[in-house]
Amino acid sequence: MDFIDSKHELFDIWNKVKKGIRLTAEDGLKLLNTKDLLSLGYMANYIREQKHGDNTYFIVNQHINHTNVCVTRCKLCAFGVDKENDKAYTMSIDEIEERAKTAGFANISELHIVGGLNPELSFDFYLEMLKRLRTLLPSVHIKAFTAVEIDYFAEENNITFEQVLEKLKQAGLGSLPGGGAEVFSQRVRDRICPEKITGERWLEVHEAAHRIGMNSNATMLYGHIETYEERIDHFIKLRELQDRTGGFLAFIPLAFHPQNTELSSEQLMVTKTTGVEDLKMLAVARLMLDNFNHIKSYWVMVGPKIAQVSLRFGANDIDGTIIEEKITHAAGAETSQALSKSEIVKLIKDAGRKPIERDTLYNIVNQEF
Ligand code: V47
């Protein structure tokens with residue numbers, strides 16, 4: 001007997017999944033509304049295993065957040081501050097280089113660099129930073145700057161996204177991370193990040209990157225004030241862009257962390273996401289984003305234990321060693337700053353999956369574990 005039989009509320013969707021038929025917005029809503037987490041996970045796992053078998057990717061990487069000074073000051077964020085704030089910091093290129101050098105000794109294959117919109121840092125600063133990192137660590141892939149930062153550089157310098165991206169690429173940029181997408185709905189953005197670029201602009205920046213042959217990732221910040229309809233709308237917009245370009249490498253659902261953000265205020269009282277919600281998002285992402293190869297379970301946000309279990313709920317990537325993380329930890333993350341390679345390998349093996357160390361573009365670095 002099939003795990004999901006003809007009497008099951010998800011039977012029609014299961015039939016589509018088995019036949020490889022694209023799910024509709026209505027199907028997506030039904031998936032988000034189901035209480036049957038195991039059937040949802042079963043379907044997501046079916047696709048996950050079709051695409052990747054047991055293969056489960058991770059990366060040895062280092063995050064660098066070079067400045068927390070930010071002019072947009074989004075309500076969802078506990079990291080960005082005004083430049084007058086006691087906690088404000090901006091690293092010099094020497095300091096960034098120093099951090100990268102230490103990471104280089106740990107044999108990282110990726111630097112993930114994002115920061116606030118700091119008017120005191122010129123575009124030349126970033127070009128110089130990339131050139132120096134490229135010279136220091138020529139074999140390390142630099143994944144840096146969210147679409148929000150790319151848009152800011154374009155506005156500040158009165159040039160197009162393509163021009164910004166071309167200059168950064170020439171200086172050493174390899175790809176764009178997926179941050180800053182939040183939820184594309186303008187209703188939500190007006191309340192959680194009114195100063196941030198629109199969802200359309202976020203998508204335009206990524207489309208421009210894909211046009212010049214640069215890959216990127218996509219994210220969605222969930223678990224605050226967004227509705228299930230708005231989550232589905234976000235998935236569909238990402239899926240449409242991916243149909244046009246094929247440039248996205250991975251989708252990463254980001255579990256909202258409310259502590260120290262304006263969204264945890266008494267009026268809004270947004271609380272942390274639960275394990276069920278986290279697993280559900282990863283599973284629905286796998287099923288709705290049929291043209292994304294990789295669904296990444298970001299252990300920093302969902303915790304290593306949920307990340308591990310999610311390897312049976314659609315996820316095939318557990319992200320990386322990270323080393324130092326500031327954005328989620330400013331908002332109350334209880335996870336550690338880093339996981340060692342052997343800890344990641346153990347999580348994956350204990351889930352009955354095969355660990356594969358990858359680089360940013362999913363080339364295999366090592367699979368002998
Ligand atoms: O851009 C901000 C979000 C992003 C909070 O591309 C918050 O490989 C939760 O984008 N609670 C940074 N999230 C993280 C990110 C990322 C992480 C790992 C891998 C990749 C990748 C990308 O986190 C921000 C913003 O969208 N964020 N504040 C918060 N309070």
# chains A, B, ... in the order shown; residues from 1 in each chain; ligands from 1
call {"tool": "residues_around", "arguments": {"residues": "segment 126-135 of chain A", "least_positions_apart": "3", "cutoff": "6 Å", "atoms": "only C-alpha atoms", "output": "PyMOL selection string"}}
result
chain A and resi 93+123+138+171-172
call {"tool": "residues_near_ligand", "arguments": {"ligand": "ligand 1", "cutoff": "7 Å", "atoms": "only C-alpha atoms and all ligand atoms", "output": "list in words"}}
result
Leu76, Cys77, Ala78, Phe79, Thr146, Leu176, Pro177, Gly178, Gly179, Gly180, Ala181, Glu182, Asn217, Ala218, Thr219, Leu221, Ile252, Leu254, Ala255, Phe256, His257, Pro258, Thr261, Tyr298, Met301, Asp319, Ile327, Thr328 and Ala331 of chain A
call {"tool": "write_last_selection", "arguments": {"atoms": "C-alpha atoms", "output": "tab-separated table (two decimals), in the first residue's frame"}}
result
chain	number	residue	atom	x	y	z
A	76	LEU	CA	13.39	42.63	11.17
A	77	CYS	CA	17.10	43.09	11.80
A	78	ALA	CA	19.04	43.20	15.07
A	79	PHE	CA	22.42	43.49	13.37
A	146	THR	CA	23.17	40.76	-1.14
A	176	LEU	CA	25.83	36.47	-4.85
A	177	PRO	CA	24.38	35.08	-1.61
A	178	GLY	CA	20.61	34.91	-1.23
A	179	GLY	CA	20.04	37.37	1.61
A	180	GLY	CA	17.82	40.44	1.66
A	181	ALA	CA	14.91	38.79	-0.16
A	182	GLU	CA	12.80	38.60	3.03
A	217	ASN	CA	21.23	31.88	-4.14
A	218	ALA	CA	17.71	32.71	-3.01
A	219	THR	CA	16.19	32.96	0.45
A	221	LEU	CA	12.58	35.01	5.69
A	252	ILE	CA	17.60	28.67	1.77
A	254	LEU	CA	15.57	31.64	6.83
A	255	ALA	CA	13.76	31.13	10.15
A	256	PHE	CA	13.00	34.52	11.65
A	257	HIS	CA	14.76	35.30	14.96
A	258	PRO	CA	12.84	38.03	16.78
A	261	THR	CA	14.32	43.32	16.71
A	298	TYR	CA	20.91	26.57	7.32
A	301	MET	CA	19.00	29.36	12.05
A	319	ASP	CA	25.58	24.81	4.62
A	327	ILE	CA	23.30	38.54	11.87
A	328	THR	CA	21.31	35.69	13.46
A	331	ALA	CA	18.76	38.40	16.98
call {"tool": "select_by_dssp", "arguments": {"residues": "segment 23-60 of chain A", "states": "strand (DSSP E)", "output": "mmCIF file with N, CA and C atoms, in the first residue's frame"}}
result
data_model
loop_
_atom_site.group_PDB
_atom_site.id
_atom_site.type_symbol
_atom_site.label_atom_id
_atom_site.label_comp_id
_atom_site.auth_asym_id
_atom_site.auth_seq_id
_atom_site.Cartn_x
_atom_site.Cartn_y
_atom_site.Cartn_z
ATOM 1 N N ASN A 55 23.190 11.741 -1.349
ATOM 2 C CA ASN A 55 24.219 12.788 -1.342
ATOM 3 C C ASN A 55 23.770 14.031 -0.568
ATOM 4 N N THR A 56 24.616 14.455 0.334
ATOM 5 C CA THR A 56 24.298 15.620 1.178
ATOM 6 C C THR A 56 25.521 16.516 1.244
ATOM 7 N N TYR A 57 25.319 17.752 0.817
ATOM 8 C CA TYR A 57 26.454 18.656 0.629
ATOM 9 C C TYR A 57 26.692 19.562 1.838
ATOM 10 N N PHE A 58 27.951 19.885 2.034
ATOM 11 C CA PHE A 58 28.315 20.929 2.996
ATOM 12 C C PHE A 58 29.564 21.626 2.474
ATOM 13 N N ILE A 59 29.870 22.781 3.067
ATOM 14 C CA ILE A 59 31.010 23.555 2.589
ATOM 15 C C ILE A 59 31.873 24.002 3.760
#
call {"tool": "residues_around", "arguments": {"residues": "Lys30 of chain A", "least_positions_apart": "5", "cutoff": "10 Å", "atoms": "only C-alpha atoms", "output": "ChimeraX atom specification"}}
result
/A:9-10,13,24-25,35,228,284
call {"tool": "residues_around", "arguments": {"residues": "Ser92 of chain A", "least_positions_apart": "4", "cutoff": "12 Å", "atoms": "only C-alpha atoms", "output": "list in words"}}
result
Asn65, His66, Thr67, Ile96, Glu97, Glu98, Arg99, Glu120, Leu121, Phe125, Tyr126, Glu128 and Met129 of chain A
call {"tool": "write_last_selection", "arguments": {"atoms": "N, CA and C atoms", "output": "PDB file, in the first residue's frame"}}
result
ATOM      1  N   ASN A  65      31.283  39.631   8.241  1.00  0.00           N
ATOM      2  CA  ASN A  65      30.339  40.753   8.187  1.00  0.00           C
ATOM      3  C   ASN A  65      31.162  42.006   8.476  1.00  0.00           C
ATOM      4  N   HIS A  66      31.564  42.690   7.407  1.00  0.00           N
ATOM      5  CA  HIS A  66      32.583  43.745   7.531  1.00  0.00           C
ATOM      6  C   HIS A  66      32.101  45.012   8.212  1.00  0.00           C
ATOM      7  N   THR A  67      30.783  45.288   8.172  1.00  0.00           N
ATOM      8  CA  THR A  67      30.268  46.461   8.893  1.00  0.00           C
ATOM      9  C   THR A  67      28.819  46.217   9.291  1.00  0.00           C
ATOM     10  N   ILE A  96      39.889  42.735   7.416  1.00  0.00           N
ATOM     11  CA  ILE A  96      39.166  41.708   6.633  1.00  0.00           C
ATOM     12  C   ILE A  96      40.171  40.664   6.131  1.00  0.00           C
ATOM     13  N   GLU A  97      41.301  41.184   5.648  1.00  0.00           N
ATOM     14  CA  GLU A  97      42.351  40.308   5.125  1.00  0.00           C
ATOM     15  C   GLU A  97      42.879  39.368   6.215  1.00  0.00           C
ATOM     16  N   GLU A  98      43.028  39.920   7.414  1.00  0.00           N
ATOM     17  CA  GLU A  98      43.520  39.140   8.549  1.00  0.00           C
ATOM     18  C   GLU A  98      42.592  37.956   8.833  1.00  0.00           C
ATOM     19  N   ARG A  99      41.276  38.248   8.856  1.00  0.00           N
ATOM     20  CA  ARG A  99      40.284  37.179   9.085  1.00  0.00           C
ATOM     21  C   ARG A  99      40.346  36.134   7.972  1.00  0.00           C
ATOM     22  N   GLU A 120      29.835  55.398   4.440  1.00  0.00           N
ATOM     23  CA  GLU A 120      31.251  55.785   4.519  1.00  0.00           C
ATOM     24  C   GLU A 120      32.177  54.853   3.747  1.00  0.00           C
ATOM     25  N   LEU A 121      31.637  53.764   3.249  1.00  0.00           N
ATOM     26  CA  LEU A 121      32.482  52.853   2.464  1.00  0.00           C
ATOM     27  C   LEU A 121      32.198  53.069   0.976  1.00  0.00           C
ATOM     28  N   PHE A 125      36.367  50.973  -2.194  1.00  0.00           N
ATOM     29  CA  PHE A 125      36.761  50.169  -1.027  1.00  0.00           C
ATOM     30  C   PHE A 125      36.459  48.688  -1.314  1.00  0.00           C
ATOM     31  N   TYR A 126      35.259  48.439  -1.849  1.00  0.00           N
ATOM     32  CA  TYR A 126      34.852  47.047  -2.095  1.00  0.00           C
ATOM     33  C   TYR A 126      35.669  46.408  -3.215  1.00  0.00           C
ATOM     34  N   GLU A 128      38.713  47.196  -4.040  1.00  0.00           N
ATOM     35  CA  GLU A 128      40.045  46.960  -3.477  1.00  0.00           C
ATOM     36  C   GLU A 128      40.025  45.727  -2.551  1.00  0.00           C
ATOM     37  N   MET A 129      38.969  45.648  -1.737  1.00  0.00           N
ATOM     38  CA  MET A 129      38.840  44.500  -0.824  1.00  0.00           C
ATOM     39  C   MET A 129      38.842  43.179  -1.622  1.00  0.00           C
TER      40      MET A 129
END
call {"tool": "closest_residue", "arguments": {"among": "A:Cys193, A:Val60, A:Val114, A:Val17", "to": "Val140 of chain A", "atoms": "only C-alpha atoms"}}
result
A:Val60
call {"tool": "atom_distance", "arguments": {"atom1": "atom CA of Ile212 of chain A", "atom2": "atom CA of Glu155 of chain A"}}
result
19.3 Å
call {"tool": "residues_around", "arguments": {"residues": "Lys143 of chain A", "least_positions_apart": "5", "cutoff": "8 Å", "atoms": "only C-alpha atoms", "output": "MDAnalysis selection string"}}
result
chainID A and resid 110:113 173:177 360
call {"tool": "write_last_selection", "arguments": {"atoms": "C-alpha atoms", "output": "short mmCIF file (atom, residue, chain, number, x, y, z; two decimals), in the first residue's frame"}}
result
data_model
loop_
_atom_site.label_atom_id
_atom_site.label_comp_id
_atom_site.auth_asym_id
_atom_site.auth_seq_id
_atom_site.Cartn_x
_atom_site.Cartn_y
_atom_site.Cartn_z
CA GLU A 110 34.43 30.02 0.27
CA LEU A 111 34.30 33.45 1.87
CA HIS A 112 30.72 34.68 2.45
CA ILE A 113 30.87 38.46 2.92
CA LEU A 173 33.47 38.38 -6.96
CA GLY A 174 32.31 34.83 -7.72
CA SER A 175 28.61 34.79 -6.85
CA LEU A 176 25.83 36.47 -4.85
CA PRO A 177 24.38 35.08 -1.61
CA THR A 360 30.21 27.21 -3.78
#
call {"tool": "closest_residue", "arguments": {"among": "A:Glu334, A:Glu95, A:Asp54, A:Asp151", "to": "Gly352 of chain A", "atoms": "only C-alpha atoms"}}
result
A:Asp54
